[in-house]
Amino acid sequence: MSELRSFSNILVTGGAGFIGSNFIRYLFSDAGFGGRVVNLDALTYAGNPQNLADIAAVYPDRYVFVHGDIRDAALVQKVFAEYDIDAVVHFAAESHVDRSILDPQSFITTNVMGTYTLLEAARQAWKGRYGDGAAQETGATGRSADTGPSTASSVLFHHISTDEVYGSLGEEGAFKETTPYDPRSPYSASKASSDFLVKAYGHTYGLPVTISNCSNNYGPYQFPEKLIPLMILNMLEGKPLPVYGDGRNIRDWLYVVDHNAAVWTIMTRGRIGETYNIGGENEWENIRLLHRLIEMVAESTGKPVRQLEELITYVKDRPGHDRRYAIDCSKLKNELGWKQSVSFDEGLRHTVRWYLDNPGWIASVRSGAYREWIEKNYGDRS
Ligand code: NAD
Ligand code: DAU
C-alpha cells in the first residue's frame with residue numbers, strides 16, 4: 001500500500017527511551033524516511049542518548065537531539081519554529097505502572113500537562129496549515145463531517161498511548177477502539193487524560209491528530225524495571241524472580257519493531273482523527289511467560305533450567321493489578337494492511353541475546369533509589 005502523507009521534519013518526543021529510540025532507528029532504516037528527525041527528550045532515568053549514538057554519527061545533518069522537557073512551553077515552541085516541524089510523534093511519558101503507584105505527580109505533569117503543551121504548540125505553529133477553527137465542521141473524530149474520512153493533511157500529531165486506558169478484562173473478549181475508557185492506575189489515568197486532550201484538540205480545533213493504543217512491548221533498550229528485561233537480568237545475576245500475586249495476570253506482547261511499523265503505517269496512511277489499536281494477538285500468563293524465558297536464558301547461557309526455576313519468588317501483588325489485557329487490532333489490519341512480522345519466540349530470543357551482549361548499557365541505566373523502594377514494597381529482590 002502506498003503512503004498518503006509524507007513529512008520533512010519529524011519531532012519525536014521521548015526518543016531516548018525504549019520505544020522512541022527504536023522508532024528513530026526504524027525511521028532511518030526500514031521506513032526509508034529521507035527527512036530530518038528532531039528528538040526532544042528530558043533524559044529522565046529512562047532516557048539514554050547513547051541508545052542512538054550510532055544514528056547520530058551516521059546522520060549528523062538529519063538527526064538532531066534536543067535535551068529538554070515537553071512541559072517547557074517556550075522550548076517546545078522554539079523547536080517547532082527552528083526545525084519547521086510538520087509531524088509530531090509523541091512517545092515522551094512516565095511509563096512504569098509501579099512508579100506511578102509510588103509517586104503519581106510526574107505522571108500527571110509529564111503525561112497530561114506535557115501533552116497539552118505539545119498540542120498547544122502544534123496548534124499555534126501550524127495555523128493556516130490545516131482547517132483550524134473547523135470545530136463546527138468536524139465530528140467526534142475531528143474530521144470533516146461532509147467530506148467523510150480524511151487522509152489529506154500536510155501536518156500531523158500522532159499520539160502514542162496504551163491499552164491500559166481500557167481497564168481490565170475478564171476471561172473473554174478483547175479491547176476494541178470503541179471500548180469505554182476505564183483507567184485504573186495513576187499511570188493509565190494520566191494516559192487516558194492525554195488521549196482525551198488529543199481527541200479534544202482534533203474535535204475542537206480541527207488539529208490533524210491520530211492516536212494508537214498498544215499492548216505490552218518488548219525488545220532491545222527496554223529499561224530493566226519492566227517484566228521481561230528485569231527477569232532476564234535477575235536470572236543472569238542469580239537474583240530472585242519476583243512474581244506479583246498468583247502470577248496468572250495476562251498481558252498481550254508485541255515486539256517493539258512491529259509496534260513502530262504500525263505507528264509509521266498510521267502516520268503515513270491512517271485516517272485523520274482516528275484511533276487504532278495495536279497488539280500482538282499474543283496473550284501470556286506472567287508465570288507461563290517466565291518459564292519460557294527461563295528456557296531461553298538457560299539455552300543461551302548453559303545455566304540449568306532447574307537452577308533458574310528455583311529463583312522464582314511469589315511476592316505481594318501490585319495494588320490494583322489489572323488482571324488481563326487483550327487487543328482487537330482488526331481495524332489496523334483490515335484498513336491499513338499492517339500485521340505482526342516477528343514471532344514471540346524469535347523476538348524473545350533476540351531480546352535475550354541483546355541483554356547478554358550489552359552489559360555496558362545495563363550498568364549505565366540502573367537506578368539505586370528505585371531499587372530501594374521496590375525492595376521495601378515488594379520484599380527482597382536483590
Ligand atoms: P520509556 O520510559 O522507556 O521512555 C520514556 C522517554 O520519555 C524517556 O526517554 C524519558 O527521558 C522521556 N521523558 C519522560 N518525561 C519527559 C519529559 N517531561 N519531557 C521530555 N521527555 C521526557 O517509555 P517507553 O516504554 O518507551 O514508552 C513510550 C511511550 O509508549 C509512552 O507514551 C508509553 O505510555 C507508551 N506505551 C508503552 C508501552 C510499553 O510496553 N512500554 C506500551 C504501550 C504504550
Ligand atoms: O499494556 C501496555 C503497558 O505495558 C504500557 O502502557 C506500560 O508503559 C508498560 O510498562 C506495560 O505495563 P505493565 O504493567 O503491563 O508492564 P510490567 O512490565 O510492569 O508488568 C507486566 C506484568 O508483569 C504485570 O502483570 C505485572 C507483572 N510483574 C511485573 C514486574 C515488573 C511481575 O509479576 N513482577 C515484576 O517484577
# chains A, B, ... in the order shown; residues from 1 in each chain; ligands from 1
>>> residues_around(residues="Met267 in chain A", least_positions_apart="2", cutoff="12 Å", atoms="only C-alpha atoms", output="PyMOL selection string")
chain A and resi 3-7+10+27+31+86-90+151-160+208-212+260-265+269-276+332+336
>>> write_last_selection(atoms="N, CA and C atoms", output="compact mmCIF listing (two decimals), in the first residue's frame")
# COMPACT_ATOMS: atom_id res chain seq x y z
N GLU A 3 2.12 5.24 0.54
CA GLU A 3 1.96 6.23 1.62
C GLU A 3 1.16 7.41 1.10
N LEU A 4 0.25 7.91 1.93
CA LEU A 4 -0.60 9.02 1.52
C LEU A 4 -0.06 10.35 2.02
N ARG A 5 0.76 10.29 3.04
CA ARG A 5 1.33 11.52 3.61
C ARG A 5 2.83 11.36 3.67
N SER A 6 3.55 12.47 3.46
CA SER A 6 4.99 12.44 3.68
C SER A 6 5.38 13.66 4.50
N PHE A 7 6.45 13.54 5.22
CA PHE A 7 6.87 14.60 6.14
C PHE A 7 8.33 14.96 5.88
N ILE A 10 10.33 15.59 11.37
CA ILE A 10 9.51 14.92 12.38
C ILE A 10 10.06 15.17 13.78
N LEU A 27 12.86 4.63 11.60
CA LEU A 27 12.69 5.67 10.58
C LEU A 27 13.88 5.70 9.61
N ALA A 31 11.84 2.24 7.41
CA ALA A 31 10.85 3.20 6.88
C ALA A 31 11.42 3.97 5.69
N ASP A 86 6.78 19.40 10.83
CA ASP A 86 5.48 19.15 10.20
C ASP A 86 4.81 17.86 10.69
N ALA A 87 5.48 17.12 11.57
CA ALA A 87 4.82 15.97 12.20
C ALA A 87 5.39 15.77 13.59
N VAL A 88 4.52 15.38 14.50
CA VAL A 88 4.95 15.05 15.86
C VAL A 88 4.57 13.60 16.11
N VAL A 89 5.49 12.83 16.68
CA VAL A 89 5.10 11.52 17.20
C VAL A 89 5.52 11.52 18.68
N HIS A 90 4.49 11.45 19.50
CA HIS A 90 4.64 11.80 20.92
C HIS A 90 4.73 10.55 21.81
N THR A 151 -7.71 11.68 4.76
CA THR A 151 -6.32 11.27 4.93
C THR A 151 -5.38 12.41 4.58
N ALA A 152 -5.90 13.45 3.90
CA ALA A 152 -5.05 14.52 3.40
C ALA A 152 -4.74 15.53 4.49
N SER A 153 -3.47 15.74 4.75
CA SER A 153 -3.05 16.78 5.67
C SER A 153 -1.56 16.96 5.50
N SER A 154 -1.09 18.20 5.57
CA SER A 154 0.35 18.42 5.43
C SER A 154 1.04 18.37 6.78
N VAL A 155 0.25 18.33 7.87
CA VAL A 155 0.84 18.23 9.21
C VAL A 155 0.09 17.16 10.01
N LEU A 156 0.76 16.61 11.01
CA LEU A 156 0.11 15.54 11.79
C LEU A 156 0.70 15.46 13.19
N PHE A 157 -0.21 15.25 14.16
CA PHE A 157 0.19 14.99 15.55
C PHE A 157 -0.23 13.55 15.86
N HIS A 158 0.77 12.65 15.99
CA HIS A 158 0.43 11.27 16.35
C HIS A 158 0.75 11.03 17.81
N HIS A 159 -0.25 10.57 18.55
CA HIS A 159 -0.10 10.35 19.99
C HIS A 159 0.02 8.86 20.29
N ILE A 160 1.05 8.51 21.07
CA ILE A 160 1.29 7.11 21.43
C ILE A 160 0.60 6.83 22.77
N PRO A 208 -5.00 18.08 13.02
CA PRO A 208 -4.93 16.73 12.46
C PRO A 208 -4.20 15.79 13.44
N VAL A 209 -4.97 14.92 14.04
CA VAL A 209 -4.40 14.01 15.04
C VAL A 209 -4.71 12.56 14.69
N THR A 210 -3.84 11.66 15.12
CA THR A 210 -4.12 10.23 15.13
C THR A 210 -3.62 9.71 16.47
N ILE A 211 -4.23 8.59 16.92
CA ILE A 211 -3.86 8.02 18.22
C ILE A 211 -3.68 6.52 18.03
N SER A 212 -2.67 5.95 18.72
CA SER A 212 -2.59 4.48 18.74
C SER A 212 -2.51 4.01 20.18
N ASN A 260 6.43 -0.18 16.09
CA ASN A 260 6.87 1.02 15.38
C ASN A 260 6.45 1.00 13.91
N ALA A 261 6.43 -0.19 13.32
CA ALA A 261 5.96 -0.29 11.92
C ALA A 261 4.49 0.12 11.87
N ALA A 262 3.73 -0.28 12.89
CA ALA A 262 2.31 0.09 12.93
C ALA A 262 2.15 1.61 13.08
N VAL A 263 2.97 2.21 13.93
CA VAL A 263 2.90 3.68 14.14
C VAL A 263 3.18 4.40 12.82
N TRP A 264 4.20 3.95 12.10
CA TRP A 264 4.55 4.61 10.83
C TRP A 264 3.44 4.40 9.80
N THR A 265 2.83 3.23 9.82
CA THR A 265 1.71 2.95 8.91
C THR A 265 0.57 3.93 9.18
N ARG A 269 -0.60 6.57 6.53
CA ARG A 269 -1.79 6.15 5.79
C ARG A 269 -3.08 6.17 6.59
N GLY A 270 -2.98 6.40 7.89
CA GLY A 270 -4.18 6.34 8.74
C GLY A 270 -5.12 7.51 8.50
N ARG A 271 -6.37 7.30 8.89
CA ARG A 271 -7.36 8.38 8.73
C ARG A 271 -7.22 9.39 9.86
N ILE A 272 -7.24 10.67 9.47
CA ILE A 272 -7.11 11.74 10.46
C ILE A 272 -8.25 11.66 11.48
N GLY A 273 -7.89 11.84 12.74
CA GLY A 273 -8.89 11.85 13.80
C GLY A 273 -9.20 10.47 14.36
N GLU A 274 -8.58 9.44 13.76
CA GLU A 274 -8.92 8.07 14.19
C GLU A 274 -7.97 7.52 15.24
N THR A 275 -8.51 6.57 16.00
CA THR A 275 -7.72 5.78 16.94
C THR A 275 -7.54 4.39 16.36
N TYR A 276 -6.32 3.85 16.49
CA TYR A 276 -6.05 2.47 16.05
C TYR A 276 -5.44 1.68 17.20
N LEU A 332 -6.78 -1.92 12.35
CA LEU A 332 -5.48 -1.60 11.76
C LEU A 332 -5.11 -2.59 10.66
N LEU A 336 -5.53 -0.79 7.09
CA LEU A 336 -4.22 -0.28 6.67
C LEU A 336 -3.23 -1.38 6.28
>>> select_by_dssp(residues="range 220-375 of chain A", states="strand (DSSP E)", output="ChimeraX atom specification")
/A:241-244,250-255,275-278,283-285,312-315
>>> select_by_dssp(residues="range 38-268 of chain A", states="helix (DSSP H, G or I)", output="JSON, numbers by chain")
{"A": [49, 50, 51, 52, 53, 54, 55, 56, 57, 58, 73, 74, 75, 76, 77, 78, 79, 80, 81, 82, 83, 97, 98, 99, 100, 101, 102, 105, 106, 107, 108, 109, 110, 111, 112, 113, 114, 115, 116, 117, 118, 119, 120, 121, 122, 123, 124, 125, 135, 136, 137, 163, 164, 165, 166, 186, 187, 188, 189, 190, 191, 192, 193, 194, 195, 196, 197, 198, 199, 200, 201, 202, 203, 204, 205, 227, 228, 229, 230, 231, 232, 233, 234, 235, 236, 237, 256, 257, 258, 259, 260, 261, 262, 263, 264, 265, 266, 267, 268]}
>>> residues_near_ligand(ligand="ligand 1", cutoff="7 Å", atoms="only C-alpha atoms and all ligand atoms", output="ChimeraX atom specification")
/A:13-20,40-48,68-71,90-96,110,114,160-163,191,213-218,222-223
>>> residues_near_ligand(ligand="ligand 2", cutoff="9 Å", atoms="only C-alpha atoms and all ligand atoms", output="number ranges by chain")
A: 93-98, 161-165, 187-188, 191, 213-218, 224-231, 241-253, 285-287, 314-315, 317-318, 321-326, 374, 378, 381
>>> closest_residue(among="A:Thr268, A:Thr115, A:Gln50, A:Ser185", to="Arg99 in chain A", atoms="only C-alpha atoms")
A:Ser185
>>> closest_residue(among="A:Val76, A:Glu335, A:Trp354, A:Ile327", to="Gly173 in chain A", atoms="only C-alpha atoms")
A:Ile327
>>> closest_residue(among="A:Ile24, A:Leu102, A:Val38, A:Val66", to="Pro319 in chain A", atoms="only C-alpha atoms")
A:Leu102
>>> decode(residues="range 300-313 of chain A", atoms="all heavy atoms", output="mmCIF file, in the first residue's frame")
data_model
loop_
_atom_site.group_PDB
_atom_site.id
_atom_site.type_symbol
_atom_site.label_atom_id
_atom_site.label_comp_id
_atom_site.auth_asym_id
_atom_site.auth_seq_id
_atom_site.Cartn_x
_atom_site.Cartn_y
_atom_site.Cartn_z
ATOM 1 N N SER A 300 20.832 -20.083 26.209
ATOM 2 C CA SER A 300 21.863 -19.132 25.794
ATOM 3 C C SER A 300 23.055 -19.081 26.735
ATOM 4 O O SER A 300 24.135 -18.667 26.330
ATOM 5 C CB SER A 300 21.296 -17.709 25.708
ATOM 6 O OG SER A 300 20.209 -17.684 24.859
ATOM 7 N N THR A 301 22.851 -19.453 28.006
ATOM 8 C CA THR A 301 23.948 -19.297 28.980
ATOM 9 C C THR A 301 24.504 -20.624 29.474
ATOM 10 O O THR A 301 25.556 -20.643 30.117
ATOM 11 C CB THR A 301 23.445 -18.532 30.232
ATOM 12 O OG1 THR A 301 22.397 -19.298 30.846
ATOM 13 C CG2 THR A 301 22.938 -17.145 29.883
ATOM 14 N N GLY A 302 23.767 -21.712 29.233
ATOM 15 C CA GLY A 302 24.206 -23.008 29.761
ATOM 16 C C GLY A 302 23.826 -23.208 31.228
ATOM 17 O O GLY A 302 24.135 -24.231 31.832
ATOM 18 N N LYS A 303 23.127 -22.204 31.833
ATOM 19 C CA LYS A 303 22.669 -22.384 33.221
ATOM 20 C C LYS A 303 21.563 -23.445 33.229
ATOM 21 O O LYS A 303 20.705 -23.433 32.345
ATOM 22 C CB LYS A 303 22.089 -21.070 33.777
ATOM 23 C CG LYS A 303 23.111 -19.984 34.105
ATOM 24 C CD LYS A 303 22.382 -18.746 34.638
ATOM 25 C CE LYS A 303 23.288 -17.541 34.733
ATOM 26 N NZ LYS A 303 24.160 -17.547 35.902
ATOM 27 N N PRO A 304 21.534 -24.333 34.229
ATOM 28 C CA PRO A 304 20.467 -25.344 34.265
ATOM 29 C C PRO A 304 19.092 -24.706 34.499
ATOM 30 O O PRO A 304 18.960 -23.792 35.320
ATOM 31 C CB PRO A 304 20.843 -26.227 35.463
ATOM 32 C CG PRO A 304 22.244 -25.857 35.828
ATOM 33 C CD PRO A 304 22.493 -24.470 35.325
ATOM 34 N N VAL A 305 18.075 -25.198 33.773
ATOM 35 C CA VAL A 305 16.700 -24.700 33.913
ATOM 36 C C VAL A 305 16.280 -24.772 35.387
ATOM 37 O O VAL A 305 15.714 -23.827 35.950
ATOM 38 C CB VAL A 305 15.734 -25.530 33.034
ATOM 39 C CG1 VAL A 305 14.285 -25.268 33.406
ATOM 40 C CG2 VAL A 305 15.958 -25.210 31.561
ATOM 41 N N ARG A 306 16.587 -25.885 36.025
ATOM 42 C CA ARG A 306 16.193 -26.128 37.417
ATOM 43 C C ARG A 306 16.712 -25.020 38.348
ATOM 44 O O ARG A 306 15.996 -24.505 39.199
ATOM 45 C CB ARG A 306 16.756 -27.503 37.805
ATOM 46 C CG ARG A 306 16.360 -28.064 39.142
ATOM 47 C CD ARG A 306 14.871 -28.281 39.171
ATOM 48 N NE ARG A 306 14.448 -28.817 40.451
ATOM 49 C CZ ARG A 306 13.992 -30.035 40.612
ATOM 50 N NH1 ARG A 306 13.871 -30.836 39.587
ATOM 51 N NH2 ARG A 306 13.601 -30.433 41.787
ATOM 52 N N GLN A 307 17.976 -24.651 38.122
ATOM 53 C CA GLN A 307 18.619 -23.614 38.962
ATOM 54 C C GLN A 307 17.898 -22.272 38.795
ATOM 55 O O GLN A 307 17.676 -21.545 39.763
ATOM 56 C CB GLN A 307 20.078 -23.495 38.528
ATOM 57 C CG GLN A 307 20.937 -22.567 39.366
ATOM 58 C CD GLN A 307 22.312 -22.398 38.716
ATOM 59 O OE1 GLN A 307 22.926 -23.349 38.229
ATOM 60 N NE2 GLN A 307 22.782 -21.171 38.676
ATOM 61 N N LEU A 308 17.497 -21.962 37.548
ATOM 62 C CA LEU A 308 16.796 -20.694 37.299
ATOM 63 C C LEU A 308 15.387 -20.739 37.875
ATOM 64 O O LEU A 308 14.901 -19.754 38.444
ATOM 65 C CB LEU A 308 16.762 -20.388 35.794
ATOM 66 C CG LEU A 308 18.135 -20.150 35.144
ATOM 67 C CD1 LEU A 308 17.998 -19.977 33.631
ATOM 68 C CD2 LEU A 308 18.820 -18.915 35.732
ATOM 69 N N GLU A 309 14.734 -21.875 37.754
ATOM 70 C CA GLU A 309 13.371 -22.002 38.290
ATOM 71 C C GLU A 309 13.351 -21.796 39.809
ATOM 72 O O GLU A 309 12.384 -21.275 40.361
ATOM 73 C CB GLU A 309 12.786 -23.367 37.943
ATOM 74 C CG GLU A 309 12.282 -23.415 36.514
ATOM 75 C CD GLU A 309 11.799 -24.804 36.089
ATOM 76 O OE1 GLU A 309 12.084 -25.779 36.818
ATOM 77 O OE2 GLU A 309 11.174 -24.899 35.026
ATOM 78 N N GLU A 310 14.419 -22.198 40.468
ATOM 79 C CA GLU A 310 14.473 -22.034 41.934
ATOM 80 C C GLU A 310 14.492 -20.563 42.349
ATOM 81 O O GLU A 310 14.252 -20.232 43.505
ATOM 82 C CB GLU A 310 15.690 -22.775 42.500
ATOM 83 C CG GLU A 310 15.428 -24.275 42.616
ATOM 84 C CD GLU A 310 16.681 -25.095 42.882
ATOM 85 O OE1 GLU A 310 17.755 -24.495 43.102
ATOM 86 O OE2 GLU A 310 16.562 -26.339 42.853
ATOM 87 N N LEU A 311 14.772 -19.687 41.395
ATOM 88 C CA LEU A 311 14.806 -18.247 41.716
ATOM 89 C C LEU A 311 13.394 -17.633 41.756
ATOM 90 O O LEU A 311 13.199 -16.518 42.243
ATOM 91 C CB LEU A 311 15.645 -17.485 40.675
ATOM 92 C CG LEU A 311 17.126 -17.880 40.581
ATOM 93 C CD1 LEU A 311 17.784 -17.165 39.398
ATOM 94 C CD2 LEU A 311 17.858 -17.525 41.883
ATOM 95 N N ILE A 312 12.404 -18.353 41.206
ATOM 96 C CA ILE A 312 11.032 -17.796 41.163
ATOM 97 C C ILE A 312 10.530 -17.553 42.587
ATOM 98 O O ILE A 312 10.548 -18.455 43.425
ATOM 99 C CB ILE A 312 10.069 -18.753 40.415
ATOM 100 C CG1 ILE A 312 10.484 -18.858 38.937
ATOM 101 C CG2 ILE A 312 8.622 -18.269 40.540
ATOM 102 C CD1 ILE A 312 9.657 -19.852 38.130
ATOM 103 N N THR A 313 10.106 -16.292 42.838
ATOM 104 C CA THR A 313 9.654 -15.908 44.183
ATOM 105 C C THR A 313 8.322 -15.174 44.066
ATOM 106 O O THR A 313 8.261 -14.114 43.430
ATOM 107 C CB THR A 313 10.681 -14.928 44.823
ATOM 108 O OG1 THR A 313 11.982 -15.487 44.693
ATOM 109 C CG2 THR A 313 10.373 -14.649 46.277
#
